[in-house]
Each structure stands twice: as structure tokens, then as C-alpha cells.
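Content type PDB, C-alpha atoms, from the file input.pdb:
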```
ATOM      1  CA  MET A 392     115.454  99.069 122.553  1.00  0.00           C
ATOM      2  CA  ARG A 393     113.330 101.004 120.087  1.00  0.00           C
ATOM      3  CA  THR A 394     113.814 104.718 119.748  1.00  0.00           C
ATOM      4  CA  THR A 395     111.010 107.088 120.632  1.00  0.00           C
ATOM      5  CA  ARG A 396     109.143 108.746 117.771  1.00  0.00           C
ATOM      6  CA  PHE A 397     110.361 112.241 116.989  1.00  0.00           C
ATOM      7  CA  THR A 398     108.152 114.912 118.455  1.00  0.00           C
ATOM      8  CA  PHE A 399     108.408 118.150 120.362  1.00  0.00           C
ATOM      9  CA  GLN A 400     106.083 120.226 122.464  1.00  0.00           C
ATOM     10  CA  GLY A 401     103.505 121.859 120.215  1.00  0.00           C
ATOM     11  CA  ALA A 402     104.137 119.598 117.190  1.00  0.00           C
ATOM     12  CA  TYR A 403     101.228 118.553 114.996  1.00  0.00           C
ATOM     13  CA  HIS A 404     101.215 114.916 113.860  1.00  0.00           C
ATOM     14  CA  HIS A 405      99.299 112.765 111.415  1.00  0.00           C
ATOM     15  CA  ILE A 406      99.120 109.294 112.975  1.00  0.00           C
ATOM     16  CA  THR A 407      97.917 106.025 111.481  1.00  0.00           C
ATOM     17  CA  SER A 408      97.648 102.714 113.307  1.00  0.00           C
ATOM     18  CA  ARG A 409      96.790  99.535 111.391  1.00  0.00           C
ATOM     19  CA  ALA A 410      95.475  96.136 112.454  1.00  0.00           C
ATOM     20  CA  TYR A 411      97.761  93.158 112.098  1.00  0.00           C
ATOM     21  CA  ASN A 412      97.276  91.452 108.715  1.00  0.00           C
ATOM     22  CA  GLY A 413      94.466  93.883 107.880  1.00  0.00           C
ATOM     23  CA  ILE A 414      91.926  92.169 110.162  1.00  0.00           C
ATOM     24  CA  ASN A 415      88.776  94.172 110.895  1.00  0.00           C
ATOM     25  CA  ILE A 416      89.460  94.719 114.593  1.00  0.00           C
ATOM     26  CA  PHE A 417      87.164  97.763 114.607  1.00  0.00           C
ATOM     27  CA  GLY A 418      84.438  96.081 112.537  1.00  0.00           C
ATOM     28  CA  GLU A 419      81.848  96.165 115.320  1.00  0.00           C
ATOM     29  CA  THR A 420      80.437  99.262 117.001  1.00  0.00           C
ATOM     30  CA  LYS A 421      81.660  98.209 120.460  1.00  0.00           C
ATOM     31  CA  TYR A 422      85.274  98.231 119.235  1.00  0.00           C
ATOM     32  CA  LYS A 423      85.008 101.601 117.527  1.00  0.00           C
ATOM     33  CA  SER A 424      83.279 102.999 120.635  1.00  0.00           C
ATOM     34  CA  TYR A 425      85.976 101.692 122.944  1.00  0.00           C
ATOM     35  CA  LEU A 426      88.761 103.055 120.741  1.00  0.00           C
ATOM     36  CA  LEU A 427      87.099 106.482 120.661  1.00  0.00           C
ATOM     37  CA  PHE A 428      86.690 106.364 124.448  1.00  0.00           C
ATOM     38  CA  LEU A 429      90.430 105.617 124.805  1.00  0.00           C
ATOM     39  CA  ILE A 430      91.386 108.439 122.429  1.00  0.00           C
ATOM     40  CA  LEU A 431      89.298 111.007 124.308  1.00  0.00           C
ATOM     41  CA  LYS A 432      90.420 109.761 127.727  1.00  0.00           C
ATOM     42  CA  SER A 433      94.116 109.636 126.882  1.00  0.00           C
ATOM     43  CA  GLN A 434      94.215 113.107 125.358  1.00  0.00           C
ATOM     44  CA  LYS A 435      93.634 114.485 128.861  1.00  0.00           C
ATOM     45  CA  LEU A 436      96.064 112.081 130.531  1.00  0.00           C
ATOM     46  CA  TYR A 437      98.902 112.881 128.123  1.00  0.00           C
ATOM     47  CA  LYS A 438      98.057 116.517 127.309  1.00  0.00           C
ATOM     48  CA  VAL A 439      97.601 115.819 123.618  1.00  0.00           C
ATOM     49  CA  ASN A 440      94.915 117.680 121.672  1.00  0.00           C
ATOM     50  CA  VAL A 441      93.040 115.523 119.189  1.00  0.00           C
ATOM     51  CA  ILE A 442      92.313 117.680 116.161  1.00  0.00           C
ATOM     52  CA  SER A 443      90.556 114.955 114.164  1.00  0.00           C
ATOM     53  CA  TYR A 444      89.992 111.220 114.017  1.00  0.00           C
ATOM     54  CA  CYS A 445      88.647 108.661 111.579  1.00  0.00           C
ATOM     55  CA  ILE A 446      88.130 105.059 112.690  1.00  0.00           C
ATOM     56  CA  MET A 447      87.873 102.565 109.858  1.00  0.00           C
ATOM     57  CA  ASP A 448      87.394  98.790 110.234  1.00  0.00           C
ATOM     58  CA  ASN A 449      91.086  97.853 110.132  1.00  0.00           C
ATOM     59  CA  HIS A 450      92.929 101.091 110.926  1.00  0.00           C
ATOM     60  CA  TYR A 451      92.467 104.550 112.335  1.00  0.00           C
ATOM     61  CA  HIS A 452      93.793 108.037 111.707  1.00  0.00           C
ATOM     62  CA  LEU A 453      94.469 110.805 114.195  1.00  0.00           C
ATOM     63  CA  ILE A 454      95.655 114.342 113.790  1.00  0.00           C
ATOM     64  CA  ILE A 455      97.000 115.616 117.079  1.00  0.00           C
ATOM     65  CA  LYS A 456      98.819 118.518 118.637  1.00  0.00           C
ATOM     66  CA  ASP A 457     101.393 117.130 121.050  1.00  0.00           C
ATOM     67  CA  GLN A 458     101.261 119.680 123.875  1.00  0.00           C
ATOM     68  CA  SER A 459     103.539 117.714 126.215  1.00  0.00           C
ATOM     69  CA  ALA A 460     105.955 115.832 123.918  1.00  0.00           C
ATOM     70  CA  LYS A 461     104.393 112.575 125.231  1.00  0.00           C
ATOM     71  CA  MET A 462     102.970 111.254 121.969  1.00  0.00           C
ATOM     72  CA  SER A 463     104.608 107.820 122.410  1.00  0.00           C
ATOM     73  CA  GLY A 464     102.955 107.383 125.814  1.00  0.00           C
ATOM     74  CA  PHE A 465      99.638 108.567 124.373  1.00  0.00           C
ATOM     75  CA  MET A 466      99.759 106.037 121.530  1.00  0.00           C
ATOM     76  CA  GLY A 467     101.109 103.250 123.748  1.00  0.00           C
ATOM     77  CA  TYR A 468      98.200 103.751 126.123  1.00  0.00           C
ATOM     78  CA  ILE A 469      95.573 103.723 123.350  1.00  0.00           C
ATOM     79  CA  ASN A 470      96.918 100.739 121.431  1.00  0.00           C
ATOM     80  CA  GLY A 471      97.897  98.793 124.550  1.00  0.00           C
ATOM     81  CA  CYS A 472      94.512  99.191 126.238  1.00  0.00           C
ATOM     82  CA  PHE A 473      92.666  98.432 123.028  1.00  0.00           C
ATOM     83  CA  ALA A 474      94.770  95.312 122.331  1.00  0.00           C
ATOM     84  CA  GLY A 475      94.068  93.990 125.831  1.00  0.00           C
ATOM     85  CA  PHE A 476      90.335  94.605 125.426  1.00  0.00           C
ATOM     86  CA  TYR A 477      90.285  93.000 121.986  1.00  0.00           C
ATOM     87  CA  ARG A 478      92.123  89.884 123.207  1.00  0.00           C
ATOM     88  CA  ARG A 479      89.814  89.534 126.244  1.00  0.00           C
ATOM     89  CA  GLU A 480      86.805  89.690 123.917  1.00  0.00           C
ATOM     90  CA  ASN A 481      88.147  87.437 121.168  1.00  0.00           C
ATOM     91  CA  GLY A 482      90.848  85.302 122.701  1.00  0.00           C
ATOM     92  CA  GLY A 483      93.875  84.428 120.670  1.00  0.00           C
ATOM     93  CA  LYS A 484      97.493  85.381 121.023  1.00  0.00           C
ATOM     94  CA  GLY A 485      99.917  87.592 119.246  1.00  0.00           C
ATOM     95  CA  TYR A 486      99.716  91.001 117.729  1.00  0.00           C
ATOM     96  CA  VAL A 487      96.608  93.110 117.384  1.00  0.00           C
ATOM     97  CA  PHE A 488      98.323  96.028 115.636  1.00  0.00           C
ATOM     98  CA  GLN A 489     100.701  95.806 112.693  1.00  0.00           C
ATOM     99  CA  GLY A 490     103.960  97.067 114.101  1.00  0.00           C
ATOM    100  CA  ARG A 491     104.236 100.527 115.524  1.00  0.00           C
ATOM    101  CA  TYR A 492     101.938 103.352 114.604  1.00  0.00           C
ATOM    102  CA  ASP A 493     103.013 105.656 111.788  1.00  0.00           C
ATOM    103  CA  SER A 494     103.551 109.298 112.713  1.00  0.00           C
ATOM    104  CA  ARG A 495     104.454 112.208 110.475  1.00  0.00           C
ATOM    105  CA  ILE A 496     104.939 115.773 111.576  1.00  0.00           C
ATOM    106  CA  ILE A 497     102.605 118.223 109.859  1.00  0.00           C
ATOM    107  CA  GLN A 498     104.848 120.977 108.627  1.00  0.00           C
ATOM    108  CA  ASP A 499     102.577 123.793 107.504  1.00  0.00           C
ATOM    109  CA  ASP A 500      98.977 124.849 106.885  1.00  0.00           C
ATOM    110  CA  ALA A 501      98.824 123.326 103.395  1.00  0.00           C
ATOM    111  CA  HIS A 502     100.033 119.995 104.759  1.00  0.00           C
ATOM    112  CA  MET A 503      97.403 120.192 107.542  1.00  0.00           C
ATOM    113  CA  ILE A 504      94.619 120.783 105.015  1.00  0.00           C
ATOM    114  CA  ASN A 505      95.798 117.832 102.908  1.00  0.00           C
ATOM    115  CA  VAL A 506      95.917 115.354 105.808  1.00  0.00           C
ATOM    116  CA  LEU A 507      92.575 116.543 107.197  1.00  0.00           C
ATOM    117  CA  PHE A 508      90.973 116.036 103.797  1.00  0.00           C
ATOM    118  CA  TYR A 509      92.658 112.636 103.397  1.00  0.00           C
ATOM    119  CA  ASP A 510      91.563 111.396 106.843  1.00  0.00           C
ATOM    120  CA  LEU A 511      88.023 112.711 106.887  1.00  0.00           C
ATOM    121  CA  PHE A 512      87.269 111.561 103.334  1.00  0.00           C
ATOM    122  CA  ASN A 513      88.756 108.102 103.925  1.00  0.00           C
ATOM    123  CA  PRO A 514      85.287 106.460 104.252  1.00  0.00           C
ATOM    124  CA  VAL A 515      84.323 107.938 100.856  1.00  0.00           C
ATOM    125  CA  LYS A 516      87.528 106.706  99.244  1.00  0.00           C
ATOM    126  CA  ALA A 517      86.851 103.227 100.709  1.00  0.00           C
ATOM    127  CA  PHE A 518      83.290 103.265  99.207  1.00  0.00           C
ATOM    128  CA  ILE A 519      81.663 102.976 102.644  1.00  0.00           C
ATOM    129  CA  VAL A 520      79.641 106.180 102.194  1.00  0.00           C
ATOM    130  CA  LYS A 521      79.131 108.683  99.395  1.00  0.00           C
ATOM    131  CA  ASP A 522      79.010 111.679 101.705  1.00  0.00           C
ATOM    132  CA  PRO A 523      81.639 111.970 104.484  1.00  0.00           C
ATOM    133  CA  PHE A 524      79.022 113.501 106.794  1.00  0.00           C
ATOM    134  CA  GLN A 525      77.200 110.149 106.760  1.00  0.00           C
ATOM    135  CA  TYR A 526      80.114 108.385 108.452  1.00  0.00           C
ATOM    136  CA  TYR A 527      79.620 108.265 112.214  1.00  0.00           C
ATOM    137  CA  TRP A 528      83.187 107.258 113.193  1.00  0.00           C
ATOM    138  CA  SER A 529      84.865 110.409 111.981  1.00  0.00           C
ATOM    139  CA  SER A 530      85.169 113.781 113.635  1.00  0.00           C
ATOM    140  CA  ILE A 531      83.867 115.597 110.538  1.00  0.00           C
ATOM    141  CA  ASN A 532      80.401 116.203 112.021  1.00  0.00           C
ATOM    142  CA  ILE A 533      81.809 117.477 115.295  1.00  0.00           C
ATOM    143  CA  TYR A 534      83.156 120.556 113.534  1.00  0.00           C
ATOM    144  CA  TYR A 535      79.598 121.547 112.705  1.00  0.00           C
ATOM    145  CA  SER A 536      77.915 120.888 116.054  1.00  0.00           C
ATOM    146  CA  ASP A 537      78.007 121.758 119.738  1.00  0.00           C
ATOM    147  CA  GLU A 538      79.932 118.528 120.373  1.00  0.00           C
ATOM    148  CA  ALA A 539      83.111 120.420 119.471  1.00  0.00           C
ATOM    149  CA  LEU A 540      83.213 121.376 123.148  1.00  0.00           C
ATOM    150  CA  ILE A 541      84.421 117.866 124.064  1.00  0.00           C
ATOM    151  CA  TYR A 542      87.794 118.845 122.624  1.00  0.00           C
ATOM    152  CA  ALA A 543      88.143 121.962 124.756  1.00  0.00           C
ATOM    153  CA  HIS A 544      90.398 121.658 127.782  1.00  0.00           C
TER     154      HIS A 544
END
```
Starting from the coordinates I provided, produce the structure as C-alpha cells.
Amino acid sequence: MRTTRFTFQGAYHHITSRAYNGINIFGETKYKSYLLFLILKSQKLYKVNVISYCIMDNHYHLIIKDQSAKMSGFMGYINGCFAGFYRRENGGKGYVFQGRYDSRIIQDDAHMINVLFYDLFNPVKAFIVKDPFQYYWSSINIYYSDEALIYAH
């Protein structure tokens, strides 16, 4: 039996989940949309605040505040539901995600700033866009609009 990821109530985490063998499982809009739907839905179910997200074609990043110490359930729900949807759409067998998600506790404000910058500028680093505000599948624009209310509980 695998051990649960280390977390505690109120912990901030930087989470990354990658597609198996680097396949572009989020390459189409419908897949990115469904993943975002699952993230927003599960944050309420598991009492996890999503601070930021960035959905790339073959992986995604989240920064969360684990209000309930149920991060493993939160991630299991997201990746499990998405994997089922992906397999129904595309057929096939086997893994959709490459192992377990990676989670690292954010230890202080400087660390938080670094991971936010890393996540939100990921599309620039990958040469998808020149300006991070041009990338639709990142929460960067939400910080500068009325949509920020979707994160309020």
C-alpha cells in the first residue's frame, strides 16, 4: 500500500501531474476545459483552495492551500475522473498519468513567489506564447479580473 502524501491542514503545496510518456492528453480544448472543471469542482468537495493553475498539453501545475488535509483525495478525484473521461473518448488501456502527482510543500513567501512565477510563466518558457497573459489555460488573467470571485468560498 502506498503512503499518503505529506500534508497538514493549512499547508500550501506546489503540485505537478504529468501525462504518461509525455503524450499530449490536454492538447485539445475539451480536455483542458474538463480538467479545469474538475479542479474547480473538487476544490469545494475537498475544501482545498486553488491559488493558481497552469494547464499545458502534457502536464499541469497547481498551487493549493490544503484547508482539510485531504490533498490526496483531491488529486485522486481530479486525475481519476480525468483518466476515465480520456479513456472513454480515446479508448485504449493503461495509464493516463505518469505515476503519482508530485507535491512539494511551499515553505515561505519567497518560495511561493518562485513557484507562482515558474507555473504562470511556463507557457512562455515552452515557447507557446511570448506574453503569459496571452495564455488562456493559466490563472494569470484571473488575478486581474472580476473572475477572481470564482475562487472565493
request  = Could you state which residues are captured by the PyMOL selection byres ((chain A and resi 420-433) around 7) in this file, as a list in words?
outcome  =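 This file gives the following for the PyMOL selection byres ((chain A and resi 420-433) around 7): Phe417, Gly418, Glu419, Gln434, Lys435, Leu436, Tyr437, Ile446, Phe465, Ile469 and Phe473 of chain A.
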Minimum-distance residue to A:Val506, chosen among A:Tyr444, A:Tyr468, A:Phe399, A:Tyr527 (using all atoms listed in the file) = A:Tyr444
request  = Determine the residue set returned by the PyMOL selection byres ((chain A and resi 411) around 8) for the present structure, and present it as a PyMOL selection string.
outcome  = chain A and resi 409-410+412-414+486-490
task = Could you check how far atom CA of A:Arg495 sits from atom CA of A:Tyr403, in Å to one decimal?
result =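 These two atoms are separated by 8.4 Å.
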key: A:Ile454 surroundings by all atoms listed in the file, 10 Å radius, close-in-sequence under 5 positions cut, as a list of chain:residue names   =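 Here the answer would be A:Tyr403, A:His404, A:His405, A:Ile406, A:Thr407, A:Asn440, A:Val441, A:Ile442, A:Ser443, A:Tyr444, A:Cys445, A:Ser494, A:Arg495, A:Ile496, A:Ile497, A:Met503, A:Val506, A:Leu507, A:Asp510.
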All file atoms of stretch 514-525 of chain A boxed axis-aligned, 6 Å per side, centre plus edges, as JSON:
```
{"center_x": 82.4, "center_y": 108.2, "center_z": 103.0, "size_x": 22.3, "size_y": 22.5, "size_z": 19.6}
```
key: Reference answer for the PyMOL selection byres ((chain A and resi 511) around 10), as a list in words   = Ser443, Tyr444, Cys445, Ile446, His452, Leu453, Val506, Leu507, Phe508, Tyr509, Asp510, Phe512, Asn513, Pro514, Val515, Lys516, Pro523, Phe524, Tyr526, Trp528, Ser529, Ser530, Ile531 and Asn532 of chain A
key: Between atom CA of A:Gln400 and atom CA of A:Asn470 - distance in Å to one decimal   =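 That distance, rounded to one decimal, is 21.6 Å.
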request  = Could you please determine the separation between atom CA of A:Ile533 and atom CA of A:Ile519 in Å, to one decimal place?
outcome  =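 If I compute the distance from atom CA of A:Ile533 to atom CA of A:Ile519, I get 19.2 Å.
Nearest residue to A:Ile455, choosing from A:Thr398, A:Cys472, A:Phe518, A:Tyr477 and counting all atoms listed in the file: A:Thr398.
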query = Pick the closest to A:Asn415 from A:Lys456, A:Lys438, A:Lys461, A:His450: which is it, counting all atoms listed in the file?
reply =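 Closest to A:Asn415, using all atoms listed in the file: A:His450.
Using all atoms listed in the file, the nearest neighbour of A:Met466 within the list A:Asp448, A:Ser408, A:Ile416, A:Ala501 is A:Ser408.
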Could you add N, CA, C and O atoms to stretch 416-441 of chain A and give me the result as a PDB file, in the coordinates of the input?
```pdb
ATOM      1  N   ILE A 416      89.564  94.679 113.129  1.00  0.00           N
ATOM      2  CA  ILE A 416      89.460  94.719 114.593  1.00  0.00           C
ATOM      3  C   ILE A 416      88.475  95.774 115.082  1.00  0.00           C
ATOM      4  O   ILE A 416      88.025  95.714 116.218  1.00  0.00           O
ATOM      5  N   PHE A 417      88.143  96.737 114.231  1.00  0.00           N
ATOM      6  CA  PHE A 417      87.164  97.763 114.607  1.00  0.00           C
ATOM      7  C   PHE A 417      85.850  97.565 113.862  1.00  0.00           C
ATOM      8  O   PHE A 417      85.059  98.494 113.729  1.00  0.00           O
ATOM      9  N   GLY A 418      85.612  96.359 113.363  1.00  0.00           N
ATOM     10  CA  GLY A 418      84.438  96.081 112.537  1.00  0.00           C
ATOM     11  C   GLY A 418      83.105  96.226 113.253  1.00  0.00           C
ATOM     12  O   GLY A 418      82.106  96.502 112.627  1.00  0.00           O
ATOM     13  N   GLU A 419      83.085  96.047 114.559  1.00  0.00           N
ATOM     14  CA  GLU A 419      81.848  96.165 115.320  1.00  0.00           C
ATOM     15  C   GLU A 419      81.820  97.492 116.079  1.00  0.00           C
ATOM     16  O   GLU A 419      82.854  98.007 116.476  1.00  0.00           O
ATOM     17  N   THR A 420      80.620  97.982 116.311  1.00  0.00           N
ATOM     18  CA  THR A 420      80.437  99.262 117.001  1.00  0.00           C
ATOM     19  C   THR A 420      81.125  99.290 118.364  1.00  0.00           C
ATOM     20  O   THR A 420      81.723 100.292 118.728  1.00  0.00           O
ATOM     21  N   LYS A 421      81.065  98.202 119.119  1.00  0.00           N
ATOM     22  CA  LYS A 421      81.660  98.209 120.460  1.00  0.00           C
ATOM     23  C   LYS A 421      83.160  98.469 120.401  1.00  0.00           C
ATOM     24  O   LYS A 421      83.718  99.100 121.290  1.00  0.00           O
ATOM     25  N   TYR A 422      83.828  98.009 119.351  1.00  0.00           N
ATOM     26  CA  TYR A 422      85.274  98.231 119.235  1.00  0.00           C
ATOM     27  C   TYR A 422      85.588  99.665 118.827  1.00  0.00           C
ATOM     28  O   TYR A 422      86.514 100.282 119.350  1.00  0.00           O
ATOM     29  N   LYS A 423      84.812 100.198 117.915  1.00  0.00           N
ATOM     30  CA  LYS A 423      85.008 101.601 117.527  1.00  0.00           C
ATOM     31  C   LYS A 423      84.707 102.510 118.722  1.00  0.00           C
ATOM     32  O   LYS A 423      85.431 103.474 118.980  1.00  0.00           O
ATOM     33  N   SER A 424      83.647 102.200 119.455  1.00  0.00           N
ATOM     34  CA  SER A 424      83.279 102.999 120.635  1.00  0.00           C
ATOM     35  C   SER A 424      84.378 102.981 121.684  1.00  0.00           C
ATOM     36  O   SER A 424      84.711 104.015 122.268  1.00  0.00           O
ATOM     37  N   TYR A 425      84.923 101.802 121.929  1.00  0.00           N
ATOM     38  CA  TYR A 425      85.976 101.692 122.944  1.00  0.00           C
ATOM     39  C   TYR A 425      87.230 102.435 122.508  1.00  0.00           C
ATOM     40  O   TYR A 425      87.851 103.133 123.309  1.00  0.00           O
ATOM     41  N   LEU A 426      87.593 102.321 121.232  1.00  0.00           N
ATOM     42  CA  LEU A 426      88.761 103.055 120.741  1.00  0.00           C
ATOM     43  C   LEU A 426      88.542 104.555 120.902  1.00  0.00           C
ATOM     44  O   LEU A 426      89.433 105.270 121.375  1.00  0.00           O
ATOM     45  N   LEU A 427      87.383 105.051 120.528  1.00  0.00           N
ATOM     46  CA  LEU A 427      87.099 106.482 120.661  1.00  0.00           C
ATOM     47  C   LEU A 427      87.147 106.904 122.127  1.00  0.00           C
ATOM     48  O   LEU A 427      87.702 107.958 122.462  1.00  0.00           O
ATOM     49  N   PHE A 428      86.606 106.090 123.015  1.00  0.00           N
ATOM     50  CA  PHE A 428      86.690 106.364 124.448  1.00  0.00           C
ATOM     51  C   PHE A 428      88.155 106.499 124.880  1.00  0.00           C
ATOM     52  O   PHE A 428      88.525 107.430 125.595  1.00  0.00           O
ATOM     53  N   LEU A 429      89.009 105.576 124.442  1.00  0.00           N
ATOM     54  CA  LEU A 429      90.430 105.617 124.805  1.00  0.00           C
ATOM     55  C   LEU A 429      91.119 106.866 124.257  1.00  0.00           C
ATOM     56  O   LEU A 429      91.926 107.491 124.948  1.00  0.00           O
ATOM     57  N   ILE A 430      90.788 107.242 123.038  1.00  0.00           N
ATOM     58  CA  ILE A 430      91.386 108.439 122.429  1.00  0.00           C
ATOM     59  C   ILE A 430      91.019 109.671 123.248  1.00  0.00           C
ATOM     60  O   ILE A 430      91.875 110.487 123.597  1.00  0.00           O
ATOM     61  N   LEU A 431      89.748 109.825 123.566  1.00  0.00           N
ATOM     62  CA  LEU A 431      89.298 111.007 124.308  1.00  0.00           C
ATOM     63  C   LEU A 431      89.834 111.023 125.734  1.00  0.00           C
ATOM     64  O   LEU A 431      90.207 112.069 126.253  1.00  0.00           O
ATOM     65  N   LYS A 432      89.893 109.851 126.360  1.00  0.00           N
ATOM     66  CA  LYS A 432      90.420 109.761 127.727  1.00  0.00           C
ATOM     67  C   LYS A 432      91.924 110.071 127.754  1.00  0.00           C
ATOM     68  O   LYS A 432      92.392 110.836 128.600  1.00  0.00           O
ATOM     69  N   SER A 433      92.658 109.489 126.840  1.00  0.00           N
ATOM     70  CA  SER A 433      94.116 109.636 126.882  1.00  0.00           C
ATOM     71  C   SER A 433      94.584 111.022 126.470  1.00  0.00           C
ATOM     72  O   SER A 433      95.678 111.440 126.854  1.00  0.00           O
ATOM     73  N   GLN A 434      93.785 111.755 125.714  1.00  0.00           N
ATOM     74  CA  GLN A 434      94.215 113.107 125.358  1.00  0.00           C
ATOM     75  C   GLN A 434      94.360 113.973 126.610  1.00  0.00           C
ATOM     76  O   GLN A 434      95.238 114.826 126.681  1.00  0.00           O
ATOM     77  N   LYS A 435      93.525 113.735 127.607  1.00  0.00           N
ATOM     78  CA  LYS A 435      93.634 114.485 128.861  1.00  0.00           C
ATOM     79  C   LYS A 435      94.808 113.985 129.695  1.00  0.00           C
ATOM     80  O   LYS A 435      95.551 114.767 130.274  1.00  0.00           O
ATOM     81  N   LEU A 436      94.975 112.661 129.745  1.00  0.00           N
ATOM     82  CA  LEU A 436      96.064 112.081 130.531  1.00  0.00           C
ATOM     83  C   LEU A 436      97.440 112.516 130.034  1.00  0.00           C
ATOM     84  O   LEU A 436      98.346 112.765 130.823  1.00  0.00           O
ATOM     85  N   TYR A 437      97.592 112.606 128.718  1.00  0.00           N
ATOM     86  CA  TYR A 437      98.902 112.881 128.123  1.00  0.00           C
ATOM     87  C   TYR A 437      99.050 114.293 127.582  1.00  0.00           C
ATOM     88  O   TYR A 437     100.058 114.615 126.967  1.00  0.00           O
ATOM     89  N   LYS A 438      98.034 115.128 127.784  1.00  0.00           N
ATOM     90  CA  LYS A 438      98.057 116.517 127.309  1.00  0.00           C
ATOM     91  C   LYS A 438      98.353 116.595 125.814  1.00  0.00           C
ATOM     92  O   LYS A 438      99.277 117.263 125.357  1.00  0.00           O
ATOM     93  N   VAL A 439      97.536 115.852 125.079  1.00  0.00           N
ATOM     94  CA  VAL A 439      97.601 115.819 123.618  1.00  0.00           C
ATOM     95  C   VAL A 439      96.234 116.263 123.114  1.00  0.00           C
ATOM     96  O   VAL A 439      95.221 115.731 123.553  1.00  0.00           O
ATOM     97  N   ASN A 440      96.192 117.245 122.239  1.00  0.00           N
ATOM     98  CA  ASN A 440      94.915 117.680 121.672  1.00  0.00           C
ATOM     99  C   ASN A 440      94.621 116.888 120.410  1.00  0.00           C
ATOM    100  O   ASN A 440      95.429 116.880 119.478  1.00  0.00           O
ATOM    101  N   VAL A 441      93.464 116.246 120.379  1.00  0.00           N
ATOM    102  CA  VAL A 441      93.040 115.523 119.189  1.00  0.00           C
ATOM    103  C   VAL A 441      92.323 116.520 118.288  1.00  0.00           C
ATOM    104  O   VAL A 441      91.292 117.071 118.658  1.00  0.00           O
TER     105      VAL A 441
END
```
